[in-house]
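Undergrad: Please read through the structure below; I'll follow up with questions.
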Amino acid sequence: MAITVPRPNLNWRERLYLPAIVAGLAITFKHFKNMIFGRTKVTMEYPEQKWDANLPEHYRGAPALVRDADGRVRCVACQLCEFICPPRAIKMVPGELPRTDRFAKVEKFPEEFDIDMVRCIFCGLCEEVCPEQAIFLRKDYAITGFTREDMVHRKDKLLEIGGVMHGVVLKWNEKK
Amino acid sequence: MPPLLFWIFALLMLVFGAAVVINRNPVASALSLVVSFLGLAALFMSLDAYFVGIIQVLVYAGAIMVLFLFIIMLLDLRAEKLRKINWLASAGGLLVALALLMQIFYVVGNLHAAQEKFPPLVGSTTDDVRNIGLLLFDNYNAPFQIVGILVLVATVGVVLLSKREVR
Amino acid sequence: MDTFFVTTSLLKILGILFLVILPMVSYAVYAERRVSAFMQDRLGPNRVGPAGLFQPVADVAKLLLKESFSPANVNTFYYWLAPCLALIPALITIAVVPFGSTLFGVPMVIADVNVGILYVFAVASLGVYGIVLAGWASNSKYPFLGGVRSSSQMISYELSLGLAVIPVFLVVGNLRLTSVVRYQIEHGWFIAPFIGDWTNIGKWLLTIPMFISFVVFMIAVFAETNRLPFDLPEAEQELAGGYHTEYAGMKFALFFLGEYAAMISGSALVVTLFFGGWHFPGIPDGAHGWVFGLINIALFFAKVAIVIFIFMWVRWTLPRFRFDQLMRLGWLFFFEIALVNIFVVAGIMAFLPT
């Protein structure tokens, strides 16, 4: 059903438009003047002023891999993140641990782990799906590079961003 | 104005005047006509007739040709295909044109004024705008007013015609 | 035609074009961005050089280095011709505007022709070709609509533009722009008669129609230069940029520069006709020394800068008109006001000998 919007009846002063135009000009000039004399609080000038300290706890920045307290890569190359990643930014080549390794019977490890930051949409599904709590979204947001190649984070880069995580895997306990 | 400039502008005018006819694309023809008008205006100015020259640009190049272009573009005329040239008709046309040219040369050559040397132009200090104004409003006031009424009638007629179409 | 005249004219043309107008155009773009930012509580471009003052250099470098691309199915010759046709009329308008008194005895006006204002209108009316051709040659519907809108808008507002200045020339009695300035030096600016012989009552009476004239002329200049609130030919939201939708790189920049050059020459005209040109009370003209000649030129361009600021101020305050509103305003409102204004001024001139 169509709704007829009632048009306001303007008196002659409003219909002249000039008072309204002058009022509008006065408003913009007031803003201009306040800005010139520095009385306006302006937006933050990003590269000089940053807001990093105030980022919320749940901020979703660059995804990164973490090591555990012993210095081992926590990722066991289960490839769940690779499958869940909506833009398919994650590429992983799983490898077998050498026989001599203590965990050779139970775990694999990622030989290569690439996240293409051009594709990544910072959705955090990889963090959500990871059974080992090996991948986390950190607070790094300024990810830059001169080429597309620069924008692909390799395994060492991911580990460098990620750092070390202490404690055991708590994920499923938390979910209970 | 040095004669060199006269020849340049005259040539410009003639070449683009011919281009109006030769071009198959209507927009190109209209633009050629504009350039031709500009050349004509330059020739007027070379005779120190600034007013006529500027009015030439203002009215013809600036207003009328814009309307022409507007209409051409709205009608979306495509470039015409080149037809086969009818040699007989072209030859006839050329003959008529040549005859006309000969006639003009003959008449101008036999004119008494053409034998005399052209009197030196009055210096550019004369205000041709003022002269035209004085002439129009003093000597030819009545015809000027009548033309004004004629134009007014035409304007009213145009308004009336366009209104009826809307209804 | 002696060598002195030719040399000084060439010097004036080159000086005014490359030392004043073109830098002014590029800095008008910068100023527009800064002013708009300030009016919206932002900062605007402030990175390149001190306070962003080298931003125009960076912009031009970027635009020059861009690929000069022409899309498929455009009419290539006219597509390339249109930007030139848009810029040139805007630049050559300045030829008849007196931008200073005298410098070393040379009058600071490039061509002091006796049809001054008519020349300006004639050249300004040629400016529409660039836009119309750009719209047509692009072979695309949005540019075409922009071109059509532009031509109808320019023709409509040329009437108000022409009629609005007639009162000025009725008073001056001469179409020469230098005599308009000379009249205003002797009798006070048209917009502010108290600067000249303020005891004359006729002058005060004339101020009212002169002010109306000024407002109508200013609005018509807004429409002629396609500035907001009359920027329908290039309305981004409706026409995706209008006549320069299909343009990129330096060709787009030429349109942009043409628009700003038209704004500058329009402002120069407003200053000359209503604000006394290069005159300021108390400052002598160039006959008293070359320093004063230079000061006069600086004064003229300072006034032009103020008018340009008004242009920007209005642009960032008012919303765009609808096209039928624009046409109605032009034909039913400003046209009539300008006409009545002429009669009023003529009446004052006839019954109140000054």
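Residues are named by chain letter and number: chains run A, B, ... in the order of the structure tokens, numbers start at 1 in each chain, and ligands are numbered from 1 in the order shown.
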With a distance cut-off of 12 Å and only C-alpha atoms, select the neighbouring residues of Gln79 in chain A, excluding the residue or stretch itself and same-chain residues fewer than 6 positions from it, and output the selection as a PyMOL selection string.

TA: chain A and resi 85+88+90-95+108-110+112-113+126+129-132+134-135

Undergrad: From a DSSP pass on the backbone, collect the residues of range 17-87 of chain B flagged as alpha helix (DSSP H) and hand them back as a PyMOL selection string.

TA: chain B and resi 17-22+26-46+50-55+65-75+87

Undergrad: Provide as a PyMOL selection string the residues of chain C at most 7 Å from chain A, counting only C-alpha atoms.

TA: chain C and resi 38-42+314+317

Undergrad: Considering only C-alpha atoms, return as a list in words whatever protein or nucleic-acid residues lie within 7 Å of Cys120 in chain A, sequence-local ones (same chain, fewer than 4 positions apart) excluded.

TA: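 Using only C-alpha atoms, the neighbours found are Pro87, Ala89 and Asp116 of chain A.
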
Undergrad: Any idea which chain B residues end up within 6 Å of chain C if we count only C-alpha atoms, as a list in words please?

TA: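 Residues satisfying the distance criterion: Val57, Leu58 and Gly62 of chain B.
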
Undergrad: Mind giving me the straight-line distance from CA of Phe321 in chain C to CA of Leu239 in chain C in Å, one decimal?

TA: 14.1 Å

Undergrad: Counting only C-alpha atoms, figure out which residue out of C:Asp2, C:Glu336, C:Glu186, C:Asp59 gets nearest to Ala253 in chain C.

TA: C:Asp59

Undergrad: Considering only C-alpha atoms, state which residue in the set C:Val304, C:Leu232, C:Val57, C:Leu299 is at the smallest distance from Gly146 in chain C.

TA: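 Smallest distance to Gly146 in chain C is found for C:Leu232.
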
Undergrad: Using CA of Ala338 in chain C and CA of Thr272 in chain C as the two end points, give the distance in Å to one decimal.

TA: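 Result for CA of Ala338 in chain C versus CA of Thr272 in chain C: 19.0 Å, one decimal.
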
Undergrad: Tell me which protein, DNA and RNA residues are within 9 Å of Arg34 in chain C, counting only C-alpha atoms, leaving out same-chain ones fewer than 3 positions away, and put them as a PyMOL selection string.

TA: chain C and resi 29-31+37-39+42-46

Undergrad: May I have the selected residues written with N, CA and C atoms, as a PDB file, in the first residue's frame?

TA:
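Written file, again.pdb:
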ATOM      1  N   VAL C  29      42.409  23.319  -5.963  1.00  0.00           N
ATOM      2  CA  VAL C  29      42.010  21.936  -5.689  1.00  0.00           C
ATOM      3  C   VAL C  29      42.415  21.569  -4.268  1.00  0.00           C
ATOM      4  N   TYR C  30      43.663  21.928  -3.910  1.00  0.00           N
ATOM      5  CA  TYR C  30      44.149  21.652  -2.546  1.00  0.00           C
ATOM      6  C   TYR C  30      43.290  22.385  -1.527  1.00  0.00           C
ATOM      7  N   ALA C  31      43.014  23.683  -1.808  1.00  0.00           N
ATOM      8  CA  ALA C  31      42.231  24.490  -0.862  1.00  0.00           C
ATOM      9  C   ALA C  31      40.838  23.906  -0.702  1.00  0.00           C
ATOM     10  N   ALA C  37      37.382  19.759   4.340  1.00  0.00           N
ATOM     11  CA  ALA C  37      37.729  18.967   5.517  1.00  0.00           C
ATOM     12  C   ALA C  37      37.468  19.760   6.790  1.00  0.00           C
ATOM     13  N   PHE C  38      37.876  21.020   6.781  1.00  0.00           N
ATOM     14  CA  PHE C  38      37.698  21.837   7.987  1.00  0.00           C
ATOM     15  C   PHE C  38      36.227  22.014   8.302  1.00  0.00           C
ATOM     16  N   MET C  39      35.404  22.147   7.239  1.00  0.00           N
ATOM     17  CA  MET C  39      33.990  22.345   7.494  1.00  0.00           C
ATOM     18  C   MET C  39      33.334  21.083   8.009  1.00  0.00           C
ATOM     19  N   ARG C  42      37.347  17.605   9.758  1.00  0.00           N
ATOM     20  CA  ARG C  42      38.429  16.683   9.422  1.00  0.00           C
ATOM     21  C   ARG C  42      39.691  17.509   9.231  1.00  0.00           C
ATOM     22  N   LEU C  43      40.773  16.853   8.815  1.00  0.00           N
ATOM     23  CA  LEU C  43      42.017  17.601   8.606  1.00  0.00           C
ATOM     24  C   LEU C  43      42.338  17.821   7.138  1.00  0.00           C
ATOM     25  N   GLY C  44      41.959  16.877   6.276  1.00  0.00           N
ATOM     26  CA  GLY C  44      42.278  17.032   4.868  1.00  0.00           C
ATOM     27  C   GLY C  44      43.715  16.649   4.588  1.00  0.00           C
ATOM     28  N   PRO C  45      44.169  16.813   3.338  1.00  0.00           N
ATOM     29  CA  PRO C  45      45.528  16.389   2.991  1.00  0.00           C
ATOM     30  C   PRO C  45      46.575  17.225   3.728  1.00  0.00           C
ATOM     31  N   ASN C  46      47.337  16.622   4.617  1.00  0.00           N
ATOM     32  CA  ASN C  46      48.343  17.384   5.356  1.00  0.00           C
ATOM     33  C   ASN C  46      49.662  16.629   5.452  1.00  0.00           C
TER      34      ASN C  46
END

Undergrad: For a test of reading the model, state the distance in Å between CA of Ala19 in chain B and CA of Leu43 in chain B, rounded to one decimal.

TA: 19.0 Å
